[in-house]
Each structure stands twice: as structure tokens, then as C-alpha cells.
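So the structure is just underneath, and the comments pick up after that.
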Amino acid sequence: MTATGQRATVPFSHRRVRGVFDGLQSFGLVVFLVGLPFSEAAKSTGLALAVVGFAGKLVLGHRPLLGRGGVLAALGIYFAAATLSVIMAAPEMRRPHELLTLAMTIFPFLLVLDSIVSRPSRRLFLTGAVLTGAVVASVLWYGSYDAGSFYRLSLGSIENPVPAGEYLAICLVLGTAVLFAEIRAAVVAPITAFSVGSVGVALALTQSRGALLGATCGVAAVVWATIRKRRYVAAVVAIAVAGILAFAAAKPDSKIAEGLDFQSRNTQARLEIWRQTGGRILERPVTGHGLGSFPLLGVTYFDGRVVEYPLNAHNVWINSLAETGILGTGALLVYLVLVLRGIGGSLRRATHPLDRALSIGTLGGVLVSFVAGLTAVSVDAEPGMLFFTIAAIGVSGRSLQDAEVGEVRDVA
């Protein structure tokens with residue numbers, strides 16, 4: 001304060017500088033989300049820029065107006081439990097570098113949520129970035145797909161078809177929800193329809209059974225929440241089942257055809273892996289064997305000819321129990337429940353059709369991860385980053401009609 005009691009003039013106000021950091025955070029998130037499925041460089045650069053922007057705001061006194069204390073606490077406890085699992089693990093099982101990987105996977109939740117709360121219209125903008133990345137990745141990698149039975153489509157930075165399918169399934173459901181809301185739009189509707197179609201074709205070519213099942217459930221949930229007519233939900237399921245059966249008939253040696261055979265080697269392997277993992281869980285039920293330790297647990301499957309050494313339990317909950325125990329898995333479950341509750345609250349508050357569609361789409365995307373997680377670890381790597389991103393988009397919802405009110409209130 002000056003001697004006259006007036007506020008001293010500051011050449012570069014906190015408001016302006018914090019606005020620059022806030023813009024950097026959002027720009028980084030766009031780069032991160034667009035590049036996530038096809039560019040390691042874009043993914044890493046974008047995430048780093050977003051972190052720098054967020055950190056700069058914190059240094060300048062920013063206090064995130066998140067309003068989601070419960071879900072953030074659950075996420076923090078989950079990370080703490082994972083840390084404890086590493087500390088308590090046997091020396092040969094400790095993999096502390098996995099904590100950095102976990103932090104990179106879950107931190108987009110905080111970054112996205114904070115960015116949207118600072119400027120609510122970013123909810124739609126960041127959703128667009130997610131869908132853009134999925135379409136670009138799908139189109140770029142069609143050419144790498146071989147129609148032979150031994151090849152399945154993957155994406156640039158998601159080289160395994162299983163997580164690639166999970167990623168695409170979430171985007172398909174999210175895009176479908178947006179398409180329903182914008183179906184009458186002269187420009188947006190055709191673009192969104194092309195996006196959904198491109199992602200859908202790419203998803204089918206991954207031949208990822210869990211992702212296809214998750215997408216079917218997710219799209220059915222979107223149709224039910226949007227139209228509220230059971231016959232349309234039944235039609236979605238019937239079309240999906242018919243498509244899967246037709247694909248299996250045309251490619252009897254494909255992974256999809258194999259998945260329909262409950263006596264197949266793949267199914268028997270999963271059952272044996274789950275049985276052996278159950279025994280490992282009982283050895284250290286509270287804190288688990290340590291985050292990222294599953295490949296070291298000695299779980300194997302032998303079919304009389306080949307020994308398989310799985311890198312994970314092929315089930316997100318069984319894998320979590322083995323690595324982080326009841327503490328970590330319980331925190332993850334609480335987080336999921338609170339996310340679903342938060343998305344439900346966003347859906348109830350929504351008054352604009354597009355804002356409602358985003359809540360429905362993120363709800364369907366979370367359902368995709370849950371269903372796919374029954375046969376895979378769906379909250380890891382790029383699909384995990386996307387899962388935490390859409391969770392943040394979902395719980396941050398508010399009416400787009402109110403988006404202009406306090407648009408930059410926390411940047412002030």
C-alpha cells in the first residue's frame with residue numbers, strides 16, 4: 001500500500017501472469033490429448049507444458065477451486081497406498097519407478113479438472129481434443145493394418161491392440177453421445193459422424209474382445225440415457241452382436257472368434273492366471289506385493305506345449321489386489337464410486353443438451369473401462385490416462401449457459 005492508502009501499481013499483475021500460465025496449462029492439455037494415441041513426443045511435451053502451467057499458477061497463489069474434495073482425497077489415498085505397497089514390498093519386488101508412471105497416469109485428472117473449473121467452456125474444448133486425437137490416430141494407422149488373421153490394428157503410441165481397443169472404445173462412446181446432441185447441426189453432425197465411424201472401424205480392427213464388449217455396453221448406456229427407449233438399446237446390442245458374429249464367421253482364426261470359444265486356450269489361460277493370482281493375493285492381502293510387481297510373482301500358464309508368463313492379471317481388480325492390496329484397491333473403488341456420483345451430479349445440473357451429452361458420454365466411457373477391465377488392466381498407460389481425463393470432464397460439469405459467468409474467476 002502507498003502512503004495515501006492506494007494500492008501500488010504492479011507492472012505485470014498476478015492476474016495477467018496467472019492467465020498466461022492458465023493458458024499454457026490448457027494448451028499443454030490439448031497437445032497431450034490430441035497426441036496421446038499416436039505420438040509419444042506430443043504426449044510427453046503436452047503433459048509437461050500442462051504441469052508447468054499448473055505449477056506456475058500455484059506459485060502465484062492459485063488455489064484450485066475444485067469443489068471435489070472427496071474424489072481428490074480418494075485419488076490421493078490411492079497413490080499413497082501404491083507408495084506404501086512399494087515401501088512394504090520384499091526387496092526383490094520393489095519397483096519405485098512405477099510410482100512415476102502411476103503419477104503420470106492419474107495426474108491428468110487434476111490438470112483437466114482444474115482447467116475446466118477455471119474456464120468451464122474448456123469442457124467441450126478438451127472433449128474435442130480427445131476425439132480429434134482418436135480420429136487422427138485411426139486414420140493414420142489404417143495403412144498399417146494387415147487383413148490377415150495374424151495381424152490386429154494398433155495405434156502409434158499404443159502398440160498393443162488390447163489397450164488400443166480400450167482407448168478407441170472410450171472415444172467411440174464419447175463421440176456417440178456428442179453426435180446425438182448435435183445430430184441436427186449442419187456442420188458438426190457430419191464431422192462427428194465421420195469421427196465416430198472412423199473410430200468404430202479402427203476399434204473393430206483391433207479385435208479386442210473386452211473393448212468391443214465395453215463399447216457395446218457404453219453405447220447402449222448412451223442410447224438409454226439419451227432416448228430412454230428400450231427397443232433402441234436392444235437394437236444397439238443386436239447390431240453389435242450381429243457384427244461380432246459376422247466378423248468371427250469371416251475370420252475363424254481371429255481373436256474375436258477365439259473369444260467366443262470358452263474352451264479356447266486364451267480363456268483357459270485367464271482362468272488359470274486368476275487362480276494362481278488369488279494365491280498370491282492371500283500372501284500379502286493388505287498392501288500387496290508392490291506396484292508393478294505382477295511380472296515378478298511367478299504366475300504362469302502351461303498348456304502342455306508353451307509356457308506363458310503374463311505381464312498382468314488380465315483383470316484390473318485382481319491385478320490391483322495383487323500389487324497394492326486391499327488398501328490400494330479399496331481406494332481405487334471408492335474413487336470410481338465418487339466419480340460416478342460426480343458425473344451423476346453433473347448430469348442432473350446440466351440444462352444445455354451438449355453439456356448433458358458430455359456427462360452421458362463420460363459416464364459411458366467410464367463404463368467402457370469397467371467392462372474392459374474384467375479381462376484387462378484398463379486403467380494403465382494411455383487408456384488409463386484417458387480414463388482419468390474423461391472422469392475429470394465428467395465430474396466438472398455445469399450448464400454451458402452459465403459458462404460465461406465467472407469464466408476466468410480463478411485466474412483473477
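Following the order of the C-alpha cells, chains are lettered A, B, ..., residues in each are numbered from 1, and ligands are numbered from 1.
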For the contact check between segment 136-201 of chain A and segment 357-372 of chain A, emit one row per residue of segment 136-201 of chain A within 7 Å, containing the shortest atom pair and the distance in Å rounded to one decimal, counting only C-alpha atoms, chain then rising number order, as CSV.
```
residue,atom,partner,partner_atom,distance
A:Glu166,CA,A:Ala372,CA,6.8
A:Ala169,CA,A:Val368,CA,6.8
A:Ile170,CA,A:Gly365,CA,4.6
A:Val173,CA,A:Gly361,CA,6.0
A:Leu174,CA,A:Gly361,CA,4.2
A:Ala177,CA,A:Gly361,CA,5.0
A:Val178,CA,A:Ala357,CA,5.7
A:Ala181,CA,A:Ala357,CA,6.1
```
Could you write those residues out with N, CA and C atoms, as a PDB file, in the first residue's frame?
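Result file out.pdb:
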```pdb
ATOM      1  N   GLU A 166      -9.233 -50.466 -26.066  1.00  0.00           N
ATOM      2  CA  GLU A 166      -9.858 -49.809 -24.913  1.00  0.00           C
ATOM      3  C   GLU A 166      -9.915 -48.303 -25.120  1.00  0.00           C
ATOM      4  N   ALA A 169     -12.529 -47.517 -27.771  1.00  0.00           N
ATOM      5  CA  ALA A 169     -13.887 -47.776 -27.288  1.00  0.00           C
ATOM      6  C   ALA A 169     -14.411 -46.595 -26.474  1.00  0.00           C
ATOM      7  N   ILE A 170     -13.567 -46.038 -25.618  1.00  0.00           N
ATOM      8  CA  ILE A 170     -13.970 -44.867 -24.830  1.00  0.00           C
ATOM      9  C   ILE A 170     -14.305 -43.707 -25.758  1.00  0.00           C
ATOM     10  N   VAL A 173     -17.676 -44.156 -27.617  1.00  0.00           N
ATOM     11  CA  VAL A 173     -18.847 -43.877 -26.778  1.00  0.00           C
ATOM     12  C   VAL A 173     -18.999 -42.373 -26.556  1.00  0.00           C
ATOM     13  N   LEU A 174     -17.894 -41.696 -26.284  1.00  0.00           N
ATOM     14  CA  LEU A 174     -17.939 -40.254 -26.077  1.00  0.00           C
ATOM     15  C   LEU A 174     -18.416 -39.539 -27.340  1.00  0.00           C
ATOM     16  N   ALA A 177     -22.226 -39.936 -27.944  1.00  0.00           N
ATOM     17  CA  ALA A 177     -23.039 -39.038 -27.117  1.00  0.00           C
ATOM     18  C   ALA A 177     -23.079 -37.641 -27.723  1.00  0.00           C
ATOM     19  N   VAL A 178     -21.930 -37.148 -28.194  1.00  0.00           N
ATOM     20  CA  VAL A 178     -21.884 -35.824 -28.823  1.00  0.00           C
ATOM     21  C   VAL A 178     -22.704 -35.819 -30.104  1.00  0.00           C
ATOM     22  N   ALA A 181     -26.350 -35.294 -29.521  1.00  0.00           N
ATOM     23  CA  ALA A 181     -26.680 -33.916 -29.159  1.00  0.00           C
ATOM     24  C   ALA A 181     -26.617 -32.981 -30.358  1.00  0.00           C
TER      25      ALA A 181
END
```
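Residues in contact range of Leu203 of chain A, defined as at most 10 Å between only C-alpha atoms, with sequence neighbours fewer than 3 positions away removed, read Ser138, Arg152, Leu153, Ser154, Pro161, Val162, Ala164, Gly165, Glu166, Tyr167, Leu168, Ala169, Cys171, Leu172, Gly197, Ser198, Val199, Gly200, Thr206, Gln207, Ser208, Arg209, Ala211, Leu212 and Ala215 of chain A.
As for atom CA of Gly304 of chain A and atom CA of Ala322 of chain A, they are spaced 26.3 Å apart.
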DSSP-assigned strand (DSSP E or B) among segment 203-353 of chain A, expressed as a ChimeraX atom specification
/A:301-302,307-308
Could you write out that same residue set with C-alpha atoms as a tab-separated table (two decimals), in the first residue's frame?
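Just written: result29.tsv:
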```
chain	number	residue	atom	x	y	z
A	301	TYR	CA	0.24	-70.85	-17.68
A	302	PHE	CA	1.38	-74.09	-19.33
A	307	VAL	CA	4.69	-71.67	-21.04
A	308	GLU	CA	3.08	-68.23	-20.82
```
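Separating atom CA of Ser115 of chain A from atom CA of Phe194 of chain A is a distance of 28.2 Å.
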Which of segment 113-262 of chain A DSSP labels helix (DSSP H, G or I), written as a ChimeraX atom specification
/A:113-118,122-142,161-181,188-206,209-227,230-250,255-259
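In this comparison, which uses only C-alpha atoms, the residue of A:Ile87, A:Val337, A:Ile343, A:Val299 approaching Gly397 of chain A most closely is A:Ile343.
Nearest-residue note for Gly290 of chain A: choosing from A:Pro96, A:Gly210, A:Gly35, A:Gly344, the minimum distance belongs to A:Pro96, counting only C-alpha atoms.
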Calculated over only C-alpha atoms, which of the candidates A:Val201, A:Leu84, A:Leu100, A:Val379 has the smallest distance to Val316 of chain A?
A:Val379
Return the single residue from A:Leu338, A:Ala235, A:Val71, A:Ile281 that is closest to Ser320 of chain A, with distances computed using only C-alpha atoms.
A:Ile281
So that I can see what lies close to Leu99 of chain A, please list as a list in words the residues with an atom at most 12 Å from it, counting only C-alpha atoms and leaving out residues fewer than 2 positions away in the same chain.
Tyr78, Phe79, Ala80, Ala81, Ala82, Thr83, Leu84, Ser85, Val86, Ile87, Arg94, Arg95, Pro96, His97, Thr101, Leu102, Ala103, Met104, Thr105, Ile106, Phe107, Gly290, Leu291, Gly292, Ser293 and Thr324 of chain A
Could those residues be written to a file, using N, CA and C atoms, as a compact mmCIF listing (two decimals), in the first residue's frame?
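Full text of out.txt as output:
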```txt
# COMPACT_ATOMS: atom_id res chain seq x y z
N TYR A 78 -5.28 -43.42 -2.95
CA TYR A 78 -4.88 -44.50 -3.86
C TYR A 78 -3.39 -44.41 -4.17
N PHE A 79 -2.91 -43.21 -4.46
CA PHE A 79 -1.47 -43.06 -4.74
C PHE A 79 -0.65 -43.36 -3.49
N ALA A 80 -1.14 -42.92 -2.32
CA ALA A 80 -0.43 -43.20 -1.07
C ALA A 80 -0.37 -44.70 -0.81
N ALA A 81 -1.47 -45.40 -1.07
CA ALA A 81 -1.49 -46.85 -0.88
C ALA A 81 -0.52 -47.54 -1.83
N ALA A 82 -0.44 -47.04 -3.07
CA ALA A 82 0.51 -47.60 -4.03
C ALA A 82 1.94 -47.38 -3.56
N THR A 83 2.19 -46.19 -3.00
CA THR A 83 3.52 -45.89 -2.45
C THR A 83 3.85 -46.83 -1.29
N LEU A 84 2.87 -47.02 -0.42
CA LEU A 84 3.06 -47.92 0.72
C LEU A 84 3.32 -49.34 0.25
N SER A 85 2.67 -49.75 -0.82
CA SER A 85 2.88 -51.11 -1.33
C SER A 85 4.32 -51.30 -1.79
N VAL A 86 4.91 -50.25 -2.35
CA VAL A 86 6.31 -50.33 -2.78
C VAL A 86 7.24 -50.37 -1.56
N ILE A 87 6.93 -49.54 -0.57
CA ILE A 87 7.77 -49.49 0.64
C ILE A 87 7.74 -50.82 1.38
N ARG A 94 10.44 -54.54 -5.22
CA ARG A 94 10.29 -53.09 -5.22
C ARG A 94 10.62 -52.49 -6.58
N ARG A 95 9.67 -51.73 -7.10
CA ARG A 95 9.86 -51.06 -8.39
C ARG A 95 9.41 -49.61 -8.23
N PRO A 96 10.21 -48.79 -7.54
CA PRO A 96 9.79 -47.42 -7.24
C PRO A 96 9.52 -46.57 -8.47
N HIS A 97 10.15 -46.91 -9.61
CA HIS A 97 9.92 -46.12 -10.81
C HIS A 97 8.47 -46.24 -11.29
N THR A 101 5.28 -43.60 -13.12
CA THR A 101 4.33 -43.98 -14.17
C THR A 101 2.89 -43.79 -13.70
N LEU A 102 2.62 -44.19 -12.46
CA LEU A 102 1.28 -44.02 -11.91
C LEU A 102 0.92 -42.54 -11.80
N ALA A 103 1.87 -41.72 -11.35
CA ALA A 103 1.62 -40.29 -11.22
C ALA A 103 1.27 -39.68 -12.58
N MET A 104 2.00 -40.08 -13.62
CA MET A 104 1.71 -39.57 -14.96
C MET A 104 0.35 -40.03 -15.46
N THR A 105 -0.08 -41.19 -14.99
CA THR A 105 -1.37 -41.72 -15.43
C THR A 105 -2.53 -41.00 -14.76
N ILE A 106 -2.42 -40.71 -13.47
CA ILE A 106 -3.55 -40.14 -12.74
C ILE A 106 -3.54 -38.62 -12.69
N PHE A 107 -2.38 -37.99 -12.92
CA PHE A 107 -2.29 -36.53 -12.78
C PHE A 107 -3.16 -35.78 -13.78
N GLY A 290 3.48 -54.96 -4.18
CA GLY A 290 4.17 -53.77 -4.68
C GLY A 290 3.69 -53.38 -6.06
N LEU A 291 3.50 -52.09 -6.26
CA LEU A 291 3.04 -51.59 -7.55
C LEU A 291 3.98 -52.04 -8.67
N GLY A 292 3.40 -52.61 -9.73
CA GLY A 292 4.19 -53.05 -10.87
C GLY A 292 4.92 -54.36 -10.69
N SER A 293 4.61 -55.08 -9.63
CA SER A 293 5.36 -56.30 -9.31
C SER A 293 4.79 -57.56 -9.95
N THR A 324 -1.31 -53.82 -5.00
CA THR A 324 -1.49 -52.78 -3.98
C THR A 324 -2.39 -53.22 -2.83
```
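Note that atom CA of Phe109 of chain A and atom CA of Thr127 of chain A are 13.4 Å apart.
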